[in-house]
Amino acid sequence: LHSPLKVFEALESEVRSYCRSFPTVFAKASGYQLWDRDGREYVDFFAGAGALNYGHNNQRIKAKLIDYLMEDGITHSLDMATEAKEKLLERFHEVILKPRNLHYKVMFPGPTGTNSVESALKLARKVTGRDTIMSFTNAFHGMTIGSLSITGNESKRKGAGIPLTNSISMPFDGYFGSEADTVSYIERFLEDNGSGISLPAAIILETVQGEGGINVASFEWLRNMEELCRRWNILLIVDDVQVGCGRTGPFFSFEPAGIYPDIVCLSKSIGGYGIPLAMTLIKPEYDLWEPGEHNGTFRGHNLGFVAATEALSYWEDDQFSREILEKGEKVRLFLEMLAQQYPEMAGEVRGRGLIQGIEIGVDGLAEKICAAAFERGLIMETSGPNSEVVKIMPPLTIDEQGLEKGLTVLEESFERCKQ
Ligand code: PMP
């Protein structure tokens, strides 16, 4: 009845719909599955780019939202104190911060990951009185002018038209191969009066670069980077927007490294149910904004608070985290098997927990594999500056059967695209 392309024309402009043009219209979703309006079923190995760690329409969270709505719980409240906000802050402290011995003040910077990143950059400038932010090759931090200025991807940066300022890009861990010590390299630049580099207010990093090609920083590199920040009095910001909330196993991706960032950015799955919500965690000594210096109409939404509070019940013990690591290991072994089976197509397998990637050495082939997978009912996307990595990122709640279904389609898609 409807041609999919016609529908897209009606819904969005050609330009805006360029990126996720899966040629169908989706109608409903549950757990790791989606259905389109013709009733076709899909396994979701994309999870809303990390916004659906607890799956689509998570039943436990849905029940809490329905109760809240039925009781006429307040939805929008600007920055007023509400019971829903209070409950979330209490639970976040009890379940997440206290057991990890982390002391942060929590701020709701707005609905998106970019909002959290912007608040972190702005605060780092205010705290240090410096204006430059150091970030990394292949980093992705958002699309607004500040967050884009620290995003490494040239095709994204072009969206700003003119060069972006107040940022320095440095090589991420592994950029020159696993032997190169990029922390010493960066320190040399800071020490050298001739390098032309001024002392940054902050260093911002992702522990696993989700958009930039699933590049994984070693725990040692993260510790060395923290030490560098301490030596130079630079704030360390960890952008855990994509790989926080359990994506790599632990709640915070930086936990196993034992580091203690000054500021942490959270969004995507912090809203529990795909509800737009972000949090910026700030060490108490940097809580320096005067009232009103960083405000906004949607600085946290009560439905997001309710969903986020229930989602935290997954973190009351370490069972969920263990399951994520076990499932991640399964995916990894499967990808390594694929890499051996298809050496002419596949290269390195990398990732941590349930964000895993397999590099495809032939130009444009990763995208073809994803398209072939879609035809067979599997939703995946590519990652990396040249879309050269097939990215596997299912909801963390996916069961054995769902994983198997998806991985089987992945293998079929490799076979179909065999060169
Ligand atoms: N930081 C990281 C690490 C991200 O992956 C993203 C989104 N892909 C963002 C920031 C921006 O988040 P949002 O799209 O919600 O603004």
# chains A, B, ... in the order shown; residues from 1 in each chain; ligands from 1
call {"tool": "residues_near_ligand", "arguments": {"ligand": "ligand 1", "cutoff": "10 Å", "atoms": "only C-alpha atoms and all ligand atoms", "output": "PyMOL selection string"}}
result
chain A and resi 48-51+110-118+139-144+147-148+151+205-212+238-244+265-269+276-278
call {"tool": "write_last_selection", "arguments": {"atoms": "N, CA and C atoms", "output": "short mmCIF file (atom, residue, chain, number, x, y, z; two decimals), in the first residue's frame"}}
result
data_model
loop_
_atom_site.label_atom_id
_atom_site.label_comp_id
_atom_site.auth_asym_id
_atom_site.auth_seq_id
_atom_site.Cartn_x
_atom_site.Cartn_y
_atom_site.Cartn_z
N GLY A 48 18.97 1.51 19.87
CA GLY A 48 18.85 2.98 19.91
C GLY A 48 20.18 3.65 20.17
N ALA A 49 21.26 3.14 19.55
CA ALA A 49 22.62 3.68 19.74
C ALA A 49 22.99 3.71 21.22
N GLY A 50 22.43 2.77 21.97
CA GLY A 50 22.80 2.69 23.39
C GLY A 50 21.74 3.27 24.31
N ALA A 51 20.61 3.70 23.76
CA ALA A 51 19.55 4.28 24.60
C ALA A 51 18.59 3.22 25.14
N GLY A 110 19.73 18.62 30.82
CA GLY A 110 18.86 18.70 29.64
C GLY A 110 18.60 17.29 29.17
N PRO A 111 17.89 17.11 28.08
CA PRO A 111 17.48 15.74 27.72
C PRO A 111 18.52 14.88 26.99
N THR A 112 19.55 15.45 26.42
CA THR A 112 20.41 14.66 25.52
C THR A 112 21.84 14.51 26.02
N GLY A 113 22.55 13.60 25.38
CA GLY A 113 23.96 13.42 25.67
C GLY A 113 24.74 14.69 25.39
N THR A 114 24.40 15.32 24.30
CA THR A 114 25.08 16.57 23.95
C THR A 114 24.90 17.61 25.05
N ASN A 115 23.71 17.67 25.63
CA ASN A 115 23.48 18.61 26.74
C ASN A 115 24.44 18.34 27.89
N SER A 116 24.67 17.06 28.16
CA SER A 116 25.56 16.72 29.26
C SER A 116 26.99 17.13 28.93
N VAL A 117 27.41 16.85 27.69
CA VAL A 117 28.77 17.21 27.28
C VAL A 117 28.95 18.73 27.35
N GLU A 118 27.98 19.46 26.83
CA GLU A 118 28.07 20.94 26.84
C GLU A 118 28.20 21.46 28.28
N ALA A 139 36.99 10.73 18.31
CA ALA A 139 36.01 10.93 19.39
C ALA A 139 34.67 11.37 18.80
N PHE A 140 33.62 11.03 19.51
CA PHE A 140 32.29 11.59 19.18
C PHE A 140 31.66 12.08 20.47
N HIS A 141 31.30 13.38 20.49
CA HIS A 141 30.70 13.93 21.70
C HIS A 141 29.40 14.70 21.45
N GLY A 142 29.00 14.85 20.19
CA GLY A 142 27.73 15.54 19.94
C GLY A 142 27.81 16.46 18.74
N MET A 143 26.71 17.13 18.48
CA MET A 143 26.54 17.86 17.23
C MET A 143 26.45 19.37 17.40
N THR A 144 26.38 19.87 18.63
CA THR A 144 26.32 21.32 18.81
C THR A 144 27.74 21.88 18.70
N SER A 147 30.27 20.67 21.49
CA SER A 147 30.52 19.22 21.48
C SER A 147 31.10 18.77 20.13
N LEU A 148 30.74 19.47 19.07
CA LEU A 148 31.29 19.13 17.75
C LEU A 148 32.75 19.53 17.65
N THR A 151 34.69 16.67 18.57
CA THR A 151 34.38 15.45 17.83
C THR A 151 35.35 15.34 16.66
N LEU A 205 37.22 12.16 27.32
CA LEU A 205 37.45 10.90 26.60
C LEU A 205 36.29 9.93 26.75
N GLU A 206 36.18 9.04 25.78
CA GLU A 206 35.31 7.87 25.88
C GLU A 206 36.24 6.69 26.16
N THR A 207 35.86 5.81 27.06
CA THR A 207 36.73 4.65 27.34
C THR A 207 36.68 3.65 26.18
N VAL A 208 35.54 3.60 25.50
CA VAL A 208 35.41 2.85 24.24
C VAL A 208 34.72 3.82 23.28
N GLN A 209 35.37 4.09 22.16
CA GLN A 209 34.78 5.06 21.23
C GLN A 209 33.69 4.36 20.41
N GLY A 210 32.44 4.67 20.76
CA GLY A 210 31.30 3.96 20.18
C GLY A 210 31.02 4.33 18.73
N GLU A 211 31.14 5.61 18.41
CA GLU A 211 30.89 6.04 17.03
C GLU A 211 32.17 5.99 16.20
N GLY A 212 33.30 6.13 16.86
CA GLY A 212 34.57 6.30 16.14
C GLY A 212 35.23 5.00 15.71
N VAL A 238 34.88 12.08 31.71
CA VAL A 238 34.60 10.84 30.98
C VAL A 238 33.20 10.95 30.37
N ASP A 239 33.13 10.82 29.06
CA ASP A 239 31.86 10.83 28.36
C ASP A 239 31.35 9.38 28.31
N ASP A 240 30.47 9.05 29.28
CA ASP A 240 29.92 7.70 29.36
C ASP A 240 28.50 7.66 28.79
N VAL A 241 28.23 8.58 27.85
CA VAL A 241 26.88 8.67 27.27
C VAL A 241 26.51 7.36 26.57
N GLN A 242 27.43 6.82 25.79
CA GLN A 242 27.13 5.59 25.04
C GLN A 242 27.56 4.32 25.77
N VAL A 243 28.70 4.36 26.43
CA VAL A 243 29.20 3.10 27.01
C VAL A 243 29.01 3.01 28.52
N GLY A 244 28.32 4.00 29.10
CA GLY A 244 27.95 3.89 30.51
C GLY A 244 26.68 3.07 30.66
N CYS A 265 29.68 12.29 32.10
CA CYS A 265 28.49 12.58 31.30
C CYS A 265 27.70 11.29 31.09
N LEU A 266 26.42 11.32 31.41
CA LEU A 266 25.54 10.17 31.20
C LEU A 266 24.30 10.64 30.44
N SER A 267 23.81 9.78 29.57
CA SER A 267 22.51 10.05 28.92
C SER A 267 22.04 8.72 28.33
N LYS A 268 21.46 8.74 27.14
CA LYS A 268 20.97 7.52 26.47
C LYS A 268 20.22 6.61 27.44
N SER A 269 20.87 5.57 27.99
CA SER A 269 20.13 4.59 28.78
C SER A 269 19.86 5.00 30.22
N PRO A 276 14.21 10.61 26.94
CA PRO A 276 15.38 11.51 26.93
C PRO A 276 15.69 12.07 28.32
N LEU A 277 16.86 11.74 28.81
CA LEU A 277 17.29 12.21 30.12
C LEU A 277 18.82 12.20 30.13
N ALA A 278 19.41 13.17 30.76
CA ALA A 278 20.87 13.18 30.90
C ALA A 278 21.23 13.55 32.32
#
call {"tool": "select_by_dssp", "arguments": {"residues": "stretch 231-277 of chain A", "states": "helix (DSSP H, G or I)", "output": "PDB file with C-alpha atoms, in the first residue's frame"}}
result
ATOM      1  CA  ARG A 231      49.975  16.510  37.332  1.00  0.00           C
ATOM      2  CA  TRP A 232      48.803  19.392  35.150  1.00  0.00           C
ATOM      3  CA  GLU A 255      35.198   1.412  37.007  1.00  0.00           C
ATOM      4  CA  PRO A 256      37.622  -1.443  36.251  1.00  0.00           C
ATOM      5  CA  ALA A 257      40.392   1.102  35.554  1.00  0.00           C
ATOM      6  CA  LYS A 268      20.975   7.524  26.472  1.00  0.00           C
ATOM      7  CA  SER A 269      20.125   4.587  28.782  1.00  0.00           C
ATOM      8  CA  ILE A 270      20.053   6.573  32.021  1.00  0.00           C
ATOM      9  CA  GLY A 271      16.414   7.360  31.108  1.00  0.00           C
TER      10      GLY A 271
END
call {"tool": "closest_residue", "arguments": {"among": "A:Ala27, A:Cys370, A:Leu303, A:Phe136", "to": "A:Gly39", "atoms": "only C-alpha atoms"}}
result
A:Ala27
call {"tool": "residues_around", "arguments": {"residues": "stretch 119-135 of chain A", "least_positions_apart": "6", "cutoff": "6 Å", "atoms": "only C-alpha atoms", "output": "list in words"}}
result
Ile150, Asn166, Ser167, Ile168, Ser169, Pro200, Ala201, Ala202, Ile203 and Ile204 of chain A
call {"tool": "write_last_selection", "arguments": {"atoms": "N, CA and C atoms", "output": "short mmCIF file (atom, residue, chain, number, x, y, z; two decimals), in the first residue's frame"}}
result
data_model
loop_
_atom_site.label_atom_id
_atom_site.label_comp_id
_atom_site.auth_asym_id
_atom_site.auth_seq_id
_atom_site.Cartn_x
_atom_site.Cartn_y
_atom_site.Cartn_z
N ILE A 150 34.94 19.09 19.68
CA ILE A 150 35.79 18.03 20.25
C ILE A 150 35.46 16.67 19.65
N ASN A 166 38.89 26.36 20.03
CA ASN A 166 39.02 26.00 21.45
C ASN A 166 39.11 24.50 21.69
N SER A 167 39.71 23.80 20.76
CA SER A 167 39.85 22.37 20.98
C SER A 167 41.19 21.88 20.42
N ILE A 168 41.72 20.85 21.03
CA ILE A 168 42.95 20.20 20.54
C ILE A 168 42.64 18.72 20.44
N SER A 169 42.95 18.12 19.30
CA SER A 169 42.73 16.68 19.16
C SER A 169 44.07 15.96 19.29
N PRO A 200 45.04 22.90 28.58
CA PRO A 200 43.57 22.80 28.45
C PRO A 200 42.86 22.86 29.80
N ALA A 201 41.60 23.25 29.76
CA ALA A 201 40.74 23.22 30.95
C ALA A 201 40.45 21.77 31.31
N ALA A 202 40.22 20.96 30.29
CA ALA A 202 39.82 19.57 30.54
C ALA A 202 40.29 18.66 29.42
N ILE A 203 40.40 17.39 29.77
CA ILE A 203 40.57 16.33 28.77
C ILE A 203 39.30 15.52 28.82
N ILE A 204 38.68 15.34 27.67
CA ILE A 204 37.44 14.55 27.62
C ILE A 204 37.69 13.29 26.81
#
call {"tool": "closest_residue", "arguments": {"among": "A:Ile275, A:Ile214, A:Leu407, A:Ile234", "to": "A:Glu359", "atoms": "only C-alpha atoms"}}
result
A:Ile214
call {"tool": "closest_residue", "arguments": {"among": "A:Ala29, A:Leu199, A:Leu164, A:Ala371", "to": "A:Ser149", "atoms": "only C-alpha atoms"}}
result
A:Leu164
call {"tool": "closest_residue", "arguments": {"among": "A:Gln401, A:Asn302, A:Asn224, A:Thr309", "to": "A:Asp72", "atoms": "only C-alpha atoms"}}
result
A:Asn302
call {"tool": "residues_around", "arguments": {"residues": "stretch 84-100 of chain A", "least_positions_apart": "4", "cutoff": "8 Å", "atoms": "only C-alpha atoms", "output": "number ranges by chain"}}
result
A: 104, 106, 251, 302, 305-306, 308-309, 312-313, 315-316
call {"tool": "write_last_selection", "arguments": {"atoms": "C-alpha atoms", "output": "tab-separated table (two decimals), in the first residue's frame"}}
result
chain	number	residue	atom	x	y	z
A	104	TYR	CA	29.40	13.38	42.96
A	106	VAL	CA	24.18	15.20	40.20
A	251	PHE	CA	27.65	0.51	35.47
A	302	ASN	CA	9.67	13.32	35.76
A	305	PHE	CA	13.11	10.14	36.68
A	306	VAL	CA	10.52	7.39	37.26
A	308	ALA	CA	15.53	5.81	35.57
A	309	THR	CA	14.74	4.94	39.19
A	312	LEU	CA	18.57	1.17	38.79
A	313	SER	CA	17.08	-1.97	40.33
A	315	TRP	CA	22.22	-2.67	39.65
A	316	GLU	CA	21.41	-3.72	43.21
call {"tool": "closest_residue", "arguments": {"among": "A:Glu400, A:Ala373, A:Asn295, A:Leu378", "to": "A:Gly328", "atoms": "only C-alpha atoms"}}
result
A:Glu400
call {"tool": "residues_around", "arguments": {"residues": "A:Gly258", "least_positions_apart": "3", "cutoff": "10 Å", "atoms": "only C-alpha atoms", "output": "list in words"}}
result
Arg100, Phe219, Glu220, Leu222, Arg223, Glu226, Phe254, Glu255 and Pro261 of chain A
call {"tool": "write_last_selection", "arguments": {"atoms": "N, CA and C atoms", "output": "compact mmCIF listing (two decimals), in the first residue's frame"}}
result
# COMPACT_ATOMS: atom_id res chain seq x y z
N ARG A 100 30.31 2.31 45.20
CA ARG A 100 31.55 2.51 44.44
C ARG A 100 32.46 3.56 45.07
N PHE A 219 42.92 -0.11 30.33
CA PHE A 219 42.75 0.44 31.67
C PHE A 219 44.01 1.19 32.10
N GLU A 220 45.16 0.68 31.66
CA GLU A 220 46.42 1.34 32.01
C GLU A 220 46.49 2.73 31.39
N LEU A 222 44.00 4.61 30.66
CA LEU A 222 43.06 5.48 31.39
C LEU A 222 43.68 5.97 32.70
N ARG A 223 44.38 5.06 33.38
CA ARG A 223 45.04 5.45 34.64
C ARG A 223 46.14 6.48 34.36
N GLU A 226 44.62 9.78 33.69
CA GLU A 226 44.18 10.44 34.93
C GLU A 226 45.37 11.07 35.66
N PHE A 254 34.39 3.19 33.30
CA PHE A 254 35.74 3.44 33.80
C PHE A 254 36.02 2.72 35.11
N GLU A 255 35.02 2.06 35.69
CA GLU A 255 35.20 1.41 37.01
C GLU A 255 36.40 0.46 37.08
N PRO A 261 36.99 10.16 37.63
CA PRO A 261 36.91 11.38 36.80
C PRO A 261 36.32 12.55 37.60
call {"tool": "atom_distance", "arguments": {"atom1": "atom CA of A:Gly364", "atom2": "atom CA of A:Val389"}}
result
10.0 Å
